[in-house]
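See structure below.
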Protein chains: 2
Amino acid sequence: MTENITAAVLIIGNEILSGKTQDANVRFLGESFQRLGIVLAEARVIRDEPEIISAVLNECRKRYTYVFTTGGIGPTHDDVTAESVAQAFGVELVLDEEAVRRIGRGSRDLNTARQKMAMIPEGASLIDNPLSHAPGFRIENVFVMAGIPSIARAMFAAIENDLEHGKPIESRSIELYAREGDFAEALEAIAARHNDVEIGSYPFSREGRFGANIVVRGTDPVRVEEVLSEITATLAANS
Amino acid sequence: MTENITAAVLIIGNEILSGKTQDANVRFLGESFQRLGIVLAEARVIRDEPEIISAVLNECRKRYTYVFTTGGIGPTHDDVTAESVAQAFGVELVLDEEAVRRIGRGSRDLNTARQKMAMIPEGASLIDNPLSHAPGFRIENVFVMAGIPSIARAMFAAIENDLEHGKPIESRSIELYAREGDFAEALEAIAARHNDVEIGSYPFSREGRFGANIVVRGTDPVRVEEVLSEITATLAANS
């Protein structure tokens, strides 16, 4: 499969790296990209430090079609994403009047901390936040979103139609309670015959039993279905 | 805080990037590193492709004290971690007789696919797998573990004592149902006075209400407790 539209996700947050919080944004974004025909090339969880954020952002925004960040755009002292993005692009943070207006709509007390959320890199455009008003922003191919999953989802919904879409990646799977070692050779032979789809085997352990999800992915739903049927028939005959 | 022992986690798996599977290894490893006084500098989810895996591994193993990988060490065609690690280190994959013996203990049929799991980079030592026999391995500062969370945990337990430990990172937190914008200024003033601890504010939304976890981290438990008490007293007085 050749795919041209690529993305990286940067999860900005010490709370994820410390194990305090379980990330939920990679999964939802990964699912969304499949639907939109965008290949998620990598996801990185990085620390809340401007030098790190700006370096990783500059690496990724050159390499991929899009970069999506989540986290670090709130009003507290450890929210450093906006300044890091400005640093990466070599632009200033400027007070955005429209952002001030939106944040003011959600809160009577537009104090210094809340005004910080209206400081946006010069040249960025706002991403709507229907849940808690403080906006995200887009600058070139970089989309900066909130870390709270419900807000990240709402922001992604607001910008989804601005993205270039590829052919949706269809995915079908079967779940087998079998040991991978027992079907790996048969599966490899099938995979070798079908280079137009991607075949993955993802083992799991559930209540003490081992099994695997076998997933077929591709842009042609007919081919995905055909190959999955072949796998199902072959592995059922083998077991 | 100056910390000298650092780690990166590489989650190898298209199933995580596609959103099919929720990663659970970053959280558990992050918690473990806190306890061991190791700073988790970054976690990356990357695709099952040898060129990518070996390039990222070479970048990270030079930069950090340790690198831990999960995923891609099974018997199926899409399990390419061992060959990628060998490529990164410029060594051959060799059949490890002890690994053959262990895998044989878990399965009567030691077929070609299962023997693949005994192919280990030259110079690596095995990591015990008490749950399903097929071992992980360590080569220099790189630890290669299974992707299934229960097995990854068991393997980590097997190697934990071989790691250099730092001072455990103590973490205490309070959960507030308050808007970050209402306490951010007070919190920033406290953070500015206490540079020996790290103070983070992690907002959440639960059943339609917004709140935040305020976390204090540091290596001196007395100081962590003191600063948390100051935050609690100050924010309670403000609200």
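Each chain in the structure tokens gets a letter, A, B and so on, in the order shown; residues start at 1 in every chain, and ligands are counted from 1 in the order they appear.
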Could you build a table of the residues in chain A lying no more than 6 Å from chain B, giving for each the nearest pair of atoms and their separation in Å rounded to one decimal place, using only C-alpha atoms, ordered by chain and ascending residue number, as a Markdown table?
| residue | atom | partner | partner_atom | distance |
| --- | --- | --- | --- | --- |
| A:Leu17 | CA | B:Gly30 | CA | 5.4 |
| A:Ser18 | CA | B:Gly30 | CA | 4.7 |
| A:Gly19 | CA | B:Arg27 | CA | 4.1 |
| A:Arg27 | CA | B:Gly19 | CA | 4.1 |
| A:Gly30 | CA | B:Gly19 | CA | 4.5 |
| A:Glu31 | CA | B:Gly19 | CA | 4.7 |
| A:Glu42 | CA | B:Ile46 | CA | 5.0 |
| A:Ala43 | CA | B:Val45 | CA | 5.1 |
| A:Arg44 | CA | B:Arg44 | CA | 4.4 |
| A:Val45 | CA | B:Ala43 | CA | 5.1 |
| A:Ile46 | CA | B:Glu42 | CA | 5.0 |
| A:Pro75 | CA | B:Gly181 | CA | 5.7 |
| A:Thr76 | CA | B:Ala184 | CA | 4.7 |
| A:His77 | CA | B:Glu188 | CA | 5.5 |
| A:Ala113 | CA | B:Gly181 | CA | 5.7 |
| A:Arg114 | CA | B:Gly181 | CA | 5.4 |
| A:Ile148 | CA | B:Phe204 | CA | 5.8 |
| A:Gly181 | CA | B:Arg114 | CA | 5.4 |
| A:Ala184 | CA | B:Thr76 | CA | 4.7 |
| A:Glu188 | CA | B:His77 | CA | 5.5 |
| A:Phe204 | CA | B:Ile148 | CA | 5.8 |
Phe89 in chain B environment, 9 Å, only C-alpha atoms, sequence neighbours closer than 5 positions dropped, as a PyMOL selection string:
chain B and resi 54+58+84+121+139
Min atom-atom distance to Glu175 in chain B from the set B:Ala158, B:Leu235, B:Val94, B:Ala86, counting only C-alpha atoms, belongs to B:Leu235
Where in range 4-211 of chain B does DSSP assign alpha helix (DSSP H), given as a ChimeraX atom specification?
/B:14-17,25-36,50-63,81-89,97-106,112-116,149-159,180-193
